[in-house]
file protein-v6.tsv (TSV, C-alpha atoms)
chain	number	residue	atom	x	y	z
A	329	MET	CA	-31.84	-7.28	22.32
A	330	ARG	CA	-32.80	-8.57	18.89
A	331	SER	CA	-34.71	-11.55	20.31
A	332	GLN	CA	-36.62	-9.25	22.67
A	333	LYS	CA	-37.63	-7.00	19.75
A	334	ASN	CA	-38.82	-10.01	17.78
A	335	LYS	CA	-40.79	-11.16	20.81
A	336	LEU	CA	-42.53	-7.80	21.02
A	337	ASN	CA	-43.31	-7.66	17.31
A	338	MET	CA	-44.88	-11.13	17.28
A	339	LEU	CA	-47.27	-10.41	20.15
A	340	SER	CA	-50.98	-10.93	19.65
A	341	ALA	CA	-53.08	-7.90	20.54
A	342	VAL	CA	-54.45	-7.47	24.04
A	343	PRO	CA	-57.58	-5.30	24.08
A	344	VAL	CA	-56.80	-1.74	25.15
A	345	CYS	CA	-59.20	0.61	26.95
A	346	ILE	CA	-58.26	4.29	27.05
A	347	VAL	CA	-59.25	6.15	30.21
A	348	GLY	CA	-58.71	9.80	29.35
A	349	ASN	CA	-60.23	13.20	28.74
A	350	ILE	CA	-60.27	16.02	26.22
A	351	SER	CA	-59.46	18.81	28.67
A	352	VAL	CA	-56.44	19.85	30.69
A	353	GLY	CA	-56.60	19.83	34.45
A	354	GLY	CA	-57.77	17.20	36.89
A	355	THR	CA	-61.03	15.34	36.32
A	356	GLY	CA	-60.57	12.48	38.79
A	357	LYS	CA	-59.08	10.10	36.24
A	358	THR	CA	-56.63	8.33	38.57
A	359	PRO	CA	-59.21	7.14	41.13
A	360	VAL	CA	-61.40	6.05	38.20
A	361	ILE	CA	-58.58	3.87	36.84
A	362	ILE	CA	-58.02	2.34	40.28
A	363	TYR	CA	-61.73	1.63	40.57
A	364	LEU	CA	-61.87	0.08	37.08
A	365	VAL	CA	-58.86	-2.17	37.71
A	366	GLN	CA	-60.34	-3.39	40.99
A	367	LEU	CA	-63.72	-3.94	39.33
A	368	LEU	CA	-62.18	-6.03	36.56
A	369	GLN	CA	-60.03	-7.96	39.03
A	370	ARG	CA	-63.08	-8.85	41.12
A	371	HIS	CA	-64.53	-10.43	37.99
A	372	GLY	CA	-61.47	-12.55	37.38
A	373	LEU	CA	-59.79	-10.53	34.62
A	374	ARG	CA	-56.04	-10.05	34.38
A	375	VAL	CA	-55.47	-6.30	34.05
A	376	GLY	CA	-52.41	-4.22	33.23
A	377	VAL	CA	-52.01	-0.43	33.14
A	378	VAL	CA	-49.78	1.71	30.93
A	379	SER	CA	-49.05	5.36	31.66
A	380	ARG	CA	-46.84	8.16	30.42
A	381	GLY	CA	-45.31	8.40	33.89
A	382	TYR	CA	-45.35	12.17	34.10
A	383	GLY	CA	-42.97	13.33	36.82
A	384	ALA	CA	-40.73	10.29	36.64
A	385	THR	CA	-37.26	11.79	36.41
A	386	GLN	CA	-34.99	8.93	37.50
A	387	SER	CA	-36.17	5.90	35.52
A	388	THR	CA	-33.06	4.15	34.24
A	389	HIS	CA	-34.77	2.78	31.15
A	390	LEU	CA	-38.12	2.88	29.43
A	391	PRO	CA	-40.45	1.08	29.32
A	392	PHE	CA	-40.22	0.81	33.11
A	393	ASN	CA	-42.10	-1.58	35.41
A	394	VAL	CA	-43.67	0.17	38.40
A	395	THR	CA	-44.50	-1.61	41.64
A	396	SER	CA	-45.97	-0.43	44.93
A	397	VAL	CA	-42.45	0.07	46.34
A	398	THR	CA	-40.93	1.92	43.37
A	399	PRO	CA	-39.48	5.31	44.37
A	400	VAL	CA	-41.80	8.05	43.17
A	401	ALA	CA	-38.93	9.75	41.31
A	402	GLN	CA	-38.74	6.66	39.09
A	403	SER	CA	-42.48	6.10	38.64
A	404	GLY	CA	-44.32	9.41	38.83
A	405	ASP	CA	-47.14	9.92	41.30
A	406	GLU	CA	-50.13	8.50	39.43
A	407	PRO	CA	-48.57	5.18	38.30
A	408	LEU	CA	-47.29	4.59	41.83
A	409	LEU	CA	-50.77	5.14	43.28
A	410	ILE	CA	-52.28	2.73	40.76
A	411	ALA	CA	-49.69	0.05	41.55
A	412	LYS	CA	-50.13	0.56	45.29
A	413	HIS	CA	-53.90	0.19	45.26
A	414	THR	CA	-54.27	-2.57	42.67
A	415	GLN	CA	-51.02	-4.61	42.70
A	416	CYS	CA	-51.52	-5.02	38.95
A	417	PRO	CA	-48.72	-4.72	36.37
A	418	VAL	CA	-48.01	-1.04	35.63
A	419	VAL	CA	-45.61	0.13	32.92
A	420	ILE	CA	-44.61	3.71	32.14
A	421	CYS	CA	-43.32	5.03	28.83
A	422	LYS	CA	-43.98	8.13	26.74
A	423	ASP	CA	-44.49	5.80	23.78
A	424	ARG	CA	-47.66	3.98	24.81
A	425	VAL	CA	-47.42	1.55	21.89
A	426	LEU	CA	-44.07	0.39	23.23
A	427	ALA	CA	-45.51	0.28	26.75
A	428	VAL	CA	-48.37	-1.96	25.60
A	429	LYS	CA	-45.99	-4.30	23.79
A	430	HIS	CA	-43.72	-4.45	26.84
A	431	ILE	CA	-46.46	-5.18	29.37
A	432	SER	CA	-47.96	-7.80	27.06
A	433	ALA	CA	-44.61	-9.54	26.80
A	434	GLU	CA	-44.20	-9.67	30.56
A	435	GLN	CA	-47.26	-11.82	31.34
A	436	PRO	CA	-50.63	-12.86	29.93
A	437	LEU	CA	-53.32	-10.20	30.26
A	438	ASP	CA	-57.00	-10.00	29.40
A	439	ILE	CA	-57.16	-6.21	29.06
A	440	ILE	CA	-54.86	-3.19	29.30
A	441	LEU	CA	-56.02	0.19	30.60
A	442	SER	CA	-54.17	3.24	29.31
A	443	ASP	CA	-53.92	6.05	31.86
A	444	ASP	CA	-54.75	8.95	29.55
A	445	GLY	CA	-53.74	8.71	25.89
A	446	MET	CA	-56.94	9.55	24.05
A	447	GLN	CA	-54.81	11.78	21.83
A	448	HIS	CA	-52.05	9.15	21.43
A	449	TYR	CA	-53.45	7.93	18.13
A	450	ALA	CA	-50.58	5.59	17.35
A	451	LEU	CA	-52.03	3.34	20.05
A	452	ASP	CA	-54.82	1.11	18.80
A	453	ARG	CA	-57.74	0.91	21.21
A	454	GLN	CA	-60.95	-1.07	21.46
A	455	LEU	CA	-62.66	1.05	24.12
A	456	GLU	CA	-62.52	4.70	25.15
A	457	LEU	CA	-63.82	6.07	28.43
A	458	ALA	CA	-63.72	9.84	28.85
A	459	VAL	CA	-63.80	11.46	32.29
A	460	ILE	CA	-65.08	15.03	32.67
A	461	ASP	CA	-65.70	17.31	35.61
A	462	ALA	CA	-69.36	18.16	36.26
A	463	THR	CA	-68.52	21.68	37.42
A	464	ARG	CA	-66.07	22.78	34.74
A	465	LEU	CA	-67.41	20.54	31.95
A	466	ILE	CA	-65.67	21.73	28.74
A	467	GLY	CA	-65.00	25.30	29.86
A	468	ASN	CA	-65.49	27.83	27.07
A	469	GLY	CA	-65.56	25.03	24.49
A	470	TYR	CA	-62.35	26.12	22.75
A	471	ARG	CA	-59.11	24.30	22.28
A	472	LEU	CA	-55.74	25.34	23.63
A	473	PRO	CA	-54.41	27.98	23.94
A	474	ILE	CA	-57.64	30.01	24.22
A	475	GLY	CA	-59.59	27.26	25.98
A	476	PRO	CA	-59.02	24.17	28.15
A	477	LEU	CA	-59.64	21.54	25.47
A	478	ARG	CA	-57.14	19.27	23.76
A	479	GLU	CA	-59.73	18.33	21.15
A	480	PRO	CA	-63.15	19.74	20.14
A	481	PRO	CA	-66.25	18.69	22.11
A	482	SER	CA	-67.37	16.55	19.17
A	483	ARG	CA	-64.51	14.18	20.01
A	484	LEU	CA	-66.71	12.78	22.78
A	485	ASN	CA	-69.16	11.56	20.12
A	486	ASN	CA	-66.75	8.70	19.47
A	487	VAL	CA	-66.14	7.41	22.99
A	488	GLN	CA	-68.04	4.43	24.34
A	489	PHE	CA	-68.38	5.70	27.91
A	490	LEU	CA	-68.68	9.17	29.41
A	491	LEU	CA	-68.04	9.26	33.15
A	492	VAL	CA	-68.83	12.53	34.92
A	493	ASN	CA	-67.26	13.53	38.24
A	494	GLY	CA	-70.16	15.08	40.16
A	495	GLN	CA	-73.90	15.50	39.95
A	496	PRO	CA	-76.14	15.87	36.87
A	497	SER	CA	-76.79	19.48	35.91
A	498	MET	CA	-78.78	21.54	33.45
A	499	ALA	CA	-75.54	22.74	31.85
A	500	LEU	CA	-74.49	19.17	31.12
A	501	SER	CA	-77.92	18.34	29.71
A	502	GLN	CA	-77.73	21.35	27.39
A	503	LEU	CA	-74.26	20.35	26.21
A	504	GLN	CA	-75.34	16.80	25.61
A	505	SER	CA	-78.32	17.95	23.55
A	506	LYS	CA	-75.94	19.74	21.17
A	507	HIS	CA	-73.73	16.70	20.63
A	508	ASP	CA	-74.01	13.00	20.08
A	509	TRP	CA	-72.29	12.06	23.32
A	510	PRO	CA	-72.99	8.69	24.98
A	511	GLN	CA	-75.37	8.70	27.91
A	512	PRO	CA	-73.25	9.88	30.86
A	513	ALA	CA	-72.72	7.89	34.03
A	514	PHE	CA	-71.83	9.72	37.23
A	515	PHE	CA	-69.40	9.11	40.04
A	516	GLU	CA	-68.77	10.88	43.31
A	517	VAL	CA	-65.65	11.20	45.41
A	518	LYS	CA	-66.36	10.18	49.02
A	519	PRO	CA	-63.87	11.03	51.80
A	520	ARG	CA	-63.10	7.94	53.90
A	521	CYS	CA	-60.59	8.92	56.60
A	522	PHE	CA	-57.40	10.81	57.37
A	523	THR	CA	-54.25	8.71	57.01
A	524	HIS	CA	-50.91	9.54	58.63
A	525	LEU	CA	-48.04	9.69	56.15
A	526	LYS	CA	-45.42	8.20	58.50
A	527	THR	CA	-47.35	5.50	60.33
A	528	GLY	CA	-50.39	4.76	58.17
A	529	GLN	CA	-52.64	5.42	61.18
A	530	GLN	CA	-56.22	6.16	60.13
A	531	LEU	CA	-58.42	8.66	61.89
A	532	PRO	CA	-62.14	9.38	61.46
A	533	LEU	CA	-63.19	12.36	59.37
A	534	GLU	CA	-64.36	14.36	62.38
A	535	TYR	CA	-61.01	14.08	64.16
A	536	PHE	CA	-59.63	17.51	63.21
A	537	ASN	CA	-62.80	19.48	63.90
A	538	HIS	CA	-61.38	20.65	67.24
A	539	HIS	CA	-58.33	22.26	65.60
A	540	ASP	CA	-58.34	26.01	65.07
A	541	ASN	CA	-56.52	25.82	61.78
A	542	LEU	CA	-55.29	23.38	59.17
A	543	PHE	CA	-52.93	23.74	56.25
A	544	ALA	CA	-54.34	22.14	53.11
A	545	ILE	CA	-51.92	21.65	50.23
A	546	ALA	CA	-52.63	20.47	46.70
A	547	GLY	CA	-50.33	19.92	43.72
A	548	ILE	CA	-52.99	18.48	41.44
A	549	GLY	CA	-54.79	19.51	38.27
A	550	ASN	CA	-57.93	20.77	40.02
A	551	PRO	CA	-56.99	21.83	43.58
A	552	GLN	CA	-60.33	23.52	44.25
A	553	ARG	CA	-62.09	20.17	44.04
A	554	PHE	CA	-59.87	18.86	46.84
A	555	PHE	CA	-60.52	21.93	48.97
A	556	THR	CA	-64.25	21.59	48.38
A	557	THR	CA	-64.11	17.93	49.43
A	558	LEU	CA	-62.17	18.87	52.55
A	559	LYS	CA	-64.81	21.44	53.48
A	560	GLN	CA	-67.38	18.64	53.51
A	561	VAL	CA	-65.65	16.98	56.46
A	562	PHE	CA	-63.95	19.87	58.28
A	563	ASN	CA	-65.99	22.60	59.92
A	564	GLY	CA	-63.13	24.89	60.86
A	565	ALA	CA	-60.87	27.17	58.85
A	566	PHE	CA	-57.95	25.96	56.78
A	567	THR	CA	-55.30	27.76	54.80
A	568	GLN	CA	-54.94	26.73	51.17
A	569	HIS	CA	-51.55	26.24	49.54
A	570	ILE	CA	-51.66	25.51	45.80
A	571	PHE	CA	-48.75	24.04	43.88
A	572	ALA	CA	-48.42	23.15	40.21
A	573	ASP	CA	-49.82	19.83	39.05
A	574	HIS	CA	-47.31	16.99	39.62
A	575	HIS	CA	-45.17	19.33	41.76
A	576	ALA	CA	-42.06	17.58	43.07
A	577	PHE	CA	-42.32	18.38	46.78
A	578	THR	CA	-39.26	18.90	48.95
A	579	PRO	CA	-38.91	19.72	52.68
A	580	LYS	CA	-38.39	23.39	51.73
A	581	ASP	CA	-42.03	23.57	50.61
A	582	PHE	CA	-43.09	23.07	54.24
A	583	MET	CA	-40.52	25.21	56.06
A	584	LEU	CA	-42.92	28.10	56.63
A	585	LEU	CA	-45.78	25.93	57.82
A	586	SER	CA	-46.33	25.66	61.55
A	587	HIS	CA	-47.00	22.53	63.55
A	588	HIS	CA	-50.69	22.63	62.76
A	589	PRO	CA	-51.92	19.57	60.85
A	590	ILE	CA	-51.07	19.51	57.13
A	591	ILE	CA	-53.67	17.76	54.98
A	592	MET	CA	-52.99	16.76	51.39
A	593	THR	CA	-54.23	14.42	48.67
A	594	GLU	CA	-52.86	10.90	48.45
A	595	LYS	CA	-51.38	11.80	45.07
A	596	ASP	CA	-49.28	14.46	46.82
A	597	ALA	CA	-48.58	12.23	49.81
A	598	VAL	CA	-46.62	9.66	47.79
A	599	LYS	CA	-44.12	12.44	46.97
A	600	CYS	CA	-43.74	13.50	50.61
A	601	ARG	CA	-43.36	10.20	52.46
A	602	SER	CA	-39.56	10.19	52.41
A	603	PHE	CA	-39.43	13.39	54.51
A	604	ALA	CA	-42.86	13.24	56.19
A	605	THR	CA	-43.25	14.91	59.56
A	606	ASP	CA	-45.58	13.99	62.40
A	607	ASN	CA	-48.17	16.58	61.35
A	608	MET	CA	-48.67	15.33	57.77
A	609	TRP	CA	-51.87	13.51	56.79
A	610	TYR	CA	-53.70	12.75	53.57
A	611	LEU	CA	-57.42	12.53	52.93
A	612	ALA	CA	-58.18	9.00	51.78
A	613	ILE	CA	-61.11	8.72	49.38
A	614	ASP	CA	-63.36	6.22	47.66
A	615	ILE	CA	-65.50	6.74	44.59
A	616	THR	CA	-69.04	5.55	44.09
A	617	VAL	CA	-70.35	4.70	40.63
A	618	SER	CA	-73.79	3.53	39.58
A	619	ASP	CA	-74.44	-0.21	39.41
A	620	GLN	CA	-75.71	0.22	35.85
A	621	PHE	CA	-72.37	1.60	34.72
A	622	GLU	CA	-70.61	-1.45	36.14
A	623	VAL	CA	-73.00	-3.77	34.29
A	624	ASP	CA	-72.59	-1.89	31.01
A	625	PHE	CA	-68.80	-1.61	31.27
A	626	LEU	CA	-68.28	-5.27	32.14
A	627	ARG	CA	-70.58	-6.34	29.31
A	628	LYS	CA	-68.58	-4.26	26.84
A	629	VAL	CA	-65.27	-5.63	28.12
A	630	HIS	CA	-66.43	-9.22	27.83
A	631	GLN	CA	-67.39	-8.54	24.21
A	632	LEU	CA	-63.84	-7.57	23.31
A	633	LYS	CA	-61.69	-9.95	21.32
A	634	PRO	CA	-59.66	-12.02	23.78
A	635	ARG	CA	-55.89	-12.21	23.59
A	636	VAL	CA	-54.64	-15.10	21.46
A	637	ALA	CA	-52.16	-17.19	23.44
call {"tool": "encode", "arguments": {"input": "protein-v6.tsv", "output": "structure tokens"}}
result
Amino acid sequence: MRSQKNKLNMLSAVPVCIVGNISVGGTGKTPVIIYLVQLLQRHGLRVGVVSRGYGATQSTHLPFNVTSVTPVAQSGDEPLLIAKHTQCPVVICKDRVLAVKHISAEQPLDIILSDDGMQHYALDRQLELAVIDATRLIGNGYRLPIGPLREPPSRLNNVQFLLVNGQPSMALSQLQSKHDWPQPAFFEVKPRCFTHLKTGQQLPLEYFNHHDNLFAIAGIGNPQRFFTTLKQVFNGAFTQHIFADHHAFTPKDFMLLSHHPIIMTEKDAVKCRSFATDNMWYLAIDITVSDQFEVDFLRKVHQLKPRVA
């Protein structure tokens, strides 16, 4: 144990990029992290991810290494999704400083992305990327408990990148004019297909249009965004079922649902696979980001101080 602690303490710093937000509720941060990891990997960089691991209730020790086959009760939903889609090292721990030291000790890395953690100020960071929702923006502009913000809007003056989930709007332009925020880049969530939880079978987006009814469930921070996305690809009626963010699904949650198709997010699907039924599907998505953002982000990353071997 003592030698391991010494090993951690003697580590040279690996550049850390925070991918977070200043508001509560979903902004699309997890698909952004997956996209960023894949972008960096395509350009030959060795990437690791650290996360709090919210929802992980059965991890035997922390920090904990997450892989694509880790049970969701040990990993939490978001870290498992990141590991599944990127195959990069993923470590969960409430103490992100310890998580960074642990993942750095495991293998050489060029950069570490922190899933959330803008407010985890004990963690040194070289880059900050804030994700906000184009529809909700910063709400009423107040901090908790009377508003949705963890920090005041001026906090975004200090981030290097502002990535907005949705389309440009007059409201965003007016907010930006009042603050010294970086020039925002925009991304959009694009539905790709429906994927069967049990078999992995993929079906085209128009497949369910002949059904009279669907059940759409969401246990995420911003369920209405999922329902809006589903409406883009499904012309019929569907019944919405909203659960708390990071809800730990059990078979009892589905007892009252009929044999009509059940559609959910992939984040929810990873918590339902162990008891999935034949009528459970998730809506697979991609995100599209401007080419200029990719150029700017990669340039900034390559300017960071490399890890000393």
call {"tool": "closest_residue", "arguments": {"input": "protein-v6.tsv", "among": "A:Ile440, A:Ala565, A:Ala401, A:Ile361", "to": "Val342 (chain A)", "atoms": "all atoms listed in the file"}}
result
A:Ile440
call {"tool": "residues_around", "arguments": {"input": "protein-v6.tsv", "residues": "region 573-581 of chain A", "least_positions_apart": "4", "cutoff": "7 Å", "atoms": "all atoms listed in the file", "output": "list in words"}}
result
Gly383, Gly547, Ile548, Gly549, Lys599, Cys600 and Phe603 of chain A
call {"tool": "atom_distance", "arguments": {"input": "protein-v6.tsv", "atom1": "CA of Pro399 (chain A)", "atom2": "CA of Ile545 (chain A)"}}
result
21.4 Å
call {"tool": "closest_residue", "arguments": {"input": "protein-v6.tsv", "among": "A:Ile420, A:Ile613, A:Val352, A:Ala341", "to": "Gly475 (chain A)", "atoms": "only C-alpha atoms"}}
result
A:Val352
call {"tool": "residues_around", "arguments": {"input": "protein-v6.tsv", "residues": "region 582-591 of chain A", "least_positions_apart": "2", "cutoff": "6 Å", "atoms": "all atoms listed in the file", "output": "ChimeraX atom specification"}}
result
/A:542-544,579-580,607-610
call {"tool": "write_last_selection", "arguments": {"input": "protein-v6.tsv", "atoms": "C-alpha atoms", "output": "PDB file, in the frame of the given file"}}
result
ATOM      1  CA  LEU A 542     -55.290  23.380  59.170  1.00  0.00           C
ATOM      2  CA  PHE A 543     -52.930  23.740  56.250  1.00  0.00           C
ATOM      3  CA  ALA A 544     -54.340  22.140  53.110  1.00  0.00           C
ATOM      4  CA  PRO A 579     -38.910  19.720  52.680  1.00  0.00           C
ATOM      5  CA  LYS A 580     -38.390  23.390  51.730  1.00  0.00           C
ATOM      6  CA  ASN A 607     -48.170  16.580  61.350  1.00  0.00           C
ATOM      7  CA  MET A 608     -48.670  15.330  57.770  1.00  0.00           C
ATOM      8  CA  TRP A 609     -51.870  13.510  56.790  1.00  0.00           C
ATOM      9  CA  TYR A 610     -53.700  12.750  53.570  1.00  0.00           C
TER      10      TYR A 610
END
call {"tool": "closest_residue", "arguments": {"input": "protein-v6.tsv", "among": "A:Ser482, A:Thr605, A:Ser351, A:Thr557", "to": "Ser505 (chain A)", "atoms": "only C-alpha atoms"}}
result
A:Ser482
call {"tool": "residues_around", "arguments": {"input": "protein-v6.tsv", "residues": "Val598 (chain A)", "least_positions_apart": "4", "cutoff": "7 Å", "atoms": "only C-alpha atoms", "output": "NGL selection string"}}
result
:A and (400 or 405 or 594)
call {"tool": "atom_distance", "arguments": {"input": "protein-v6.tsv", "atom1": "CA of Ala411 (chain A)", "atom2": "CA of Lys559 (chain A)"}}
result
28.8 Å
call {"tool": "atom_distance", "arguments": {"input": "protein-v6.tsv", "atom1": "CA of Val418 (chain A)", "atom2": "CA of His630 (chain A)"}}
result
21.6 Å
call {"tool": "closest_residue", "arguments": {"input": "protein-v6.tsv", "among": "A:Gly445, A:Pro407, A:Pro512, A:Gly372", "to": "Val347 (chain A)", "atoms": "all atoms listed in the file"}}
result
A:Gly445
call {"tool": "closest_residue", "arguments": {"input": "protein-v6.tsv", "among": "A:Asn550, A:Thr385, A:Asn468, A:Ser379", "to": "Lys422 (chain A)", "atoms": "all atoms listed in the file"}}
result
A:Ser379
call {"tool": "closest_residue", "arguments": {"input": "protein-v6.tsv", "among": "A:Glu516, A:Asp443, A:Asp624, A:Asp452", "to": "Val365 (chain A)", "atoms": "only C-alpha atoms"}}
result
A:Asp443
call {"tool": "residues_near_point", "arguments": {"input": "protein-v6.tsv", "point": "(-47.4, 1.4, 45.2)", "cutoff": "7 Å", "atoms": "all atoms listed in the file", "output": "compact mmCIF listing (two decimals) with C-alpha atoms, in the frame of the given file"}}
result
# COMPACT_ATOMS: atom_id res chain seq x y z
CA THR A 395 -44.50 -1.61 41.64
CA SER A 396 -45.97 -0.43 44.93
CA VAL A 397 -42.45 0.07 46.34
CA THR A 398 -40.93 1.92 43.37
CA LEU A 408 -47.29 4.59 41.83
CA LEU A 409 -50.77 5.14 43.28
CA ILE A 410 -52.28 2.73 40.76
CA ALA A 411 -49.69 0.05 41.55
CA LYS A 412 -50.13 0.56 45.29
CA HIS A 413 -53.90 0.19 45.26
call {"tool": "residues_around", "arguments": {"input": "protein-v6.tsv", "residues": "region 426-429 of chain A", "least_positions_apart": "2", "cutoff": "10 Å", "atoms": "all atoms listed in the file", "output": "ChimeraX atom specification"}}
result
/A:333,335-344,376-380,390-393,418-424,431-434,440-442,451-452
call {"tool": "build_atoms", "arguments": {"input": "protein-v6.tsv", "residues": "region 434-457 of chain A", "atoms": "N, CA and C atoms", "output": "PDB file, in the coordinates of the input"}}
result
ATOM      1  N   GLU A 434     -44.578  -9.283  29.200  1.00  0.00           N
ATOM      2  CA  GLU A 434     -44.200  -9.670  30.560  1.00  0.00           C
ATOM      3  C   GLU A 434     -45.046 -10.821  31.083  1.00  0.00           C
ATOM      4  N   GLN A 435     -46.359 -10.812  30.801  1.00  0.00           N
ATOM      5  CA  GLN A 435     -47.260 -11.820  31.340  1.00  0.00           C
ATOM      6  C   GLN A 435     -48.579 -11.764  30.592  1.00  0.00           C
ATOM      7  N   PRO A 436     -49.349 -12.862  30.644  1.00  0.00           N
ATOM      8  CA  PRO A 436     -50.630 -12.860  29.930  1.00  0.00           C
ATOM      9  C   PRO A 436     -51.631 -11.922  30.594  1.00  0.00           C
ATOM     10  N   LEU A 437     -52.337 -11.150  29.770  1.00  0.00           N
ATOM     11  CA  LEU A 437     -53.320 -10.200  30.260  1.00  0.00           C
ATOM     12  C   LEU A 437     -54.602 -10.331  29.447  1.00  0.00           C
ATOM     13  N   ASP A 438     -55.713  -9.996  30.087  1.00  0.00           N
ATOM     14  CA  ASP A 438     -57.000 -10.000  29.400  1.00  0.00           C
ATOM     15  C   ASP A 438     -57.350  -8.625  28.846  1.00  0.00           C
ATOM     16  N   ILE A 439     -56.863  -7.577  29.497  1.00  0.00           N
ATOM     17  CA  ILE A 439     -57.160  -6.210  29.060  1.00  0.00           C
ATOM     18  C   ILE A 439     -56.093  -5.277  29.619  1.00  0.00           C
ATOM     19  N   ILE A 440     -55.806  -4.217  28.872  1.00  0.00           N
ATOM     20  CA  ILE A 440     -54.860  -3.190  29.300  1.00  0.00           C
ATOM     21  C   ILE A 440     -55.606  -1.863  29.364  1.00  0.00           C
ATOM     22  N   LEU A 441     -55.482  -1.160  30.474  1.00  0.00           N
ATOM     23  CA  LEU A 441     -56.020   0.190  30.600  1.00  0.00           C
ATOM     24  C   LEU A 441     -54.891   1.186  30.366  1.00  0.00           C
ATOM     25  N   SER A 442     -55.142   2.174  29.539  1.00  0.00           N
ATOM     26  CA  SER A 442     -54.170   3.240  29.310  1.00  0.00           C
ATOM     27  C   SER A 442     -54.583   4.458  30.124  1.00  0.00           C
ATOM     28  N   ASP A 443     -53.712   4.847  31.049  1.00  0.00           N
ATOM     29  CA  ASP A 443     -53.920   6.050  31.860  1.00  0.00           C
ATOM     30  C   ASP A 443     -53.689   7.256  30.965  1.00  0.00           C
ATOM     31  N   ASP A 444     -54.795   7.868  30.527  1.00  0.00           N
ATOM     32  CA  ASP A 444     -54.750   8.950  29.550  1.00  0.00           C
ATOM     33  C   ASP A 444     -54.342   8.364  28.190  1.00  0.00           C
ATOM     34  N   GLY A 445     -54.158   9.188  27.197  1.00  0.00           N
ATOM     35  CA  GLY A 445     -53.740   8.710  25.890  1.00  0.00           C
ATOM     36  C   GLY A 445     -54.817   8.747  24.830  1.00  0.00           C
ATOM     37  N   MET A 446     -55.918   9.453  25.084  1.00  0.00           N
ATOM     38  CA  MET A 446     -56.940   9.550  24.050  1.00  0.00           C
ATOM     39  C   MET A 446     -56.374  10.181  22.784  1.00  0.00           C
ATOM     40  N   GLN A 447     -55.396  11.090  22.968  1.00  0.00           N
ATOM     41  CA  GLN A 447     -54.810  11.780  21.830  1.00  0.00           C
ATOM     42  C   GLN A 447     -53.550  11.079  21.312  1.00  0.00           C
ATOM     43  N   HIS A 448     -53.219   9.928  21.866  1.00  0.00           N
ATOM     44  CA  HIS A 448     -52.050   9.150  21.430  1.00  0.00           C
ATOM     45  C   HIS A 448     -52.532   8.177  20.361  1.00  0.00           C
ATOM     46  N   TYR A 449     -52.736   8.696  19.156  1.00  0.00           N
ATOM     47  CA  TYR A 449     -53.450   7.930  18.130  1.00  0.00           C
ATOM     48  C   TYR A 449     -52.642   6.800  17.524  1.00  0.00           C
ATOM     49  N   ALA A 450     -51.355   6.743  17.797  1.00  0.00           N
ATOM     50  CA  ALA A 450     -50.580   5.590  17.350  1.00  0.00           C
ATOM     51  C   ALA A 450     -50.985   4.322  18.082  1.00  0.00           C
ATOM     52  N   LEU A 451     -51.614   4.488  19.243  1.00  0.00           N
ATOM     53  CA  LEU A 451     -52.030   3.340  20.050  1.00  0.00           C
ATOM     54  C   LEU A 451     -53.423   2.901  19.636  1.00  0.00           C
ATOM     55  N   ASP A 452     -53.521   1.683  19.146  1.00  0.00           N
ATOM     56  CA  ASP A 452     -54.820   1.110  18.800  1.00  0.00           C
ATOM     57  C   ASP A 452     -55.599   0.862  20.085  1.00  0.00           C
ATOM     58  N   ARG A 453     -56.908   1.106  20.030  1.00  0.00           N
ATOM     59  CA  ARG A 453     -57.740   0.910  21.210  1.00  0.00           C
ATOM     60  C   ARG A 453     -59.098   0.342  20.812  1.00  0.00           C
ATOM     61  N   GLN A 454     -59.646  -0.468  21.701  1.00  0.00           N
ATOM     62  CA  GLN A 454     -60.950  -1.070  21.460  1.00  0.00           C
ATOM     63  C   GLN A 454     -62.062  -0.362  22.225  1.00  0.00           C
ATOM     64  N   LEU A 455     -61.692   0.303  23.316  1.00  0.00           N
ATOM     65  CA  LEU A 455     -62.660   1.050  24.120  1.00  0.00           C
ATOM     66  C   LEU A 455     -62.054   2.392  24.495  1.00  0.00           C
ATOM     67  N   GLU A 456     -62.937   3.402  24.607  1.00  0.00           N
ATOM     68  CA  GLU A 456     -62.520   4.700  25.150  1.00  0.00           C
ATOM     69  C   GLU A 456     -63.531   5.140  26.195  1.00  0.00           C
ATOM     70  N   LEU A 457     -63.005   5.537  27.337  1.00  0.00           N
ATOM     71  CA  LEU A 457     -63.820   6.070  28.430  1.00  0.00           C
ATOM     72  C   LEU A 457     -63.285   7.455  28.749  1.00  0.00           C
TER      73      LEU A 457
END
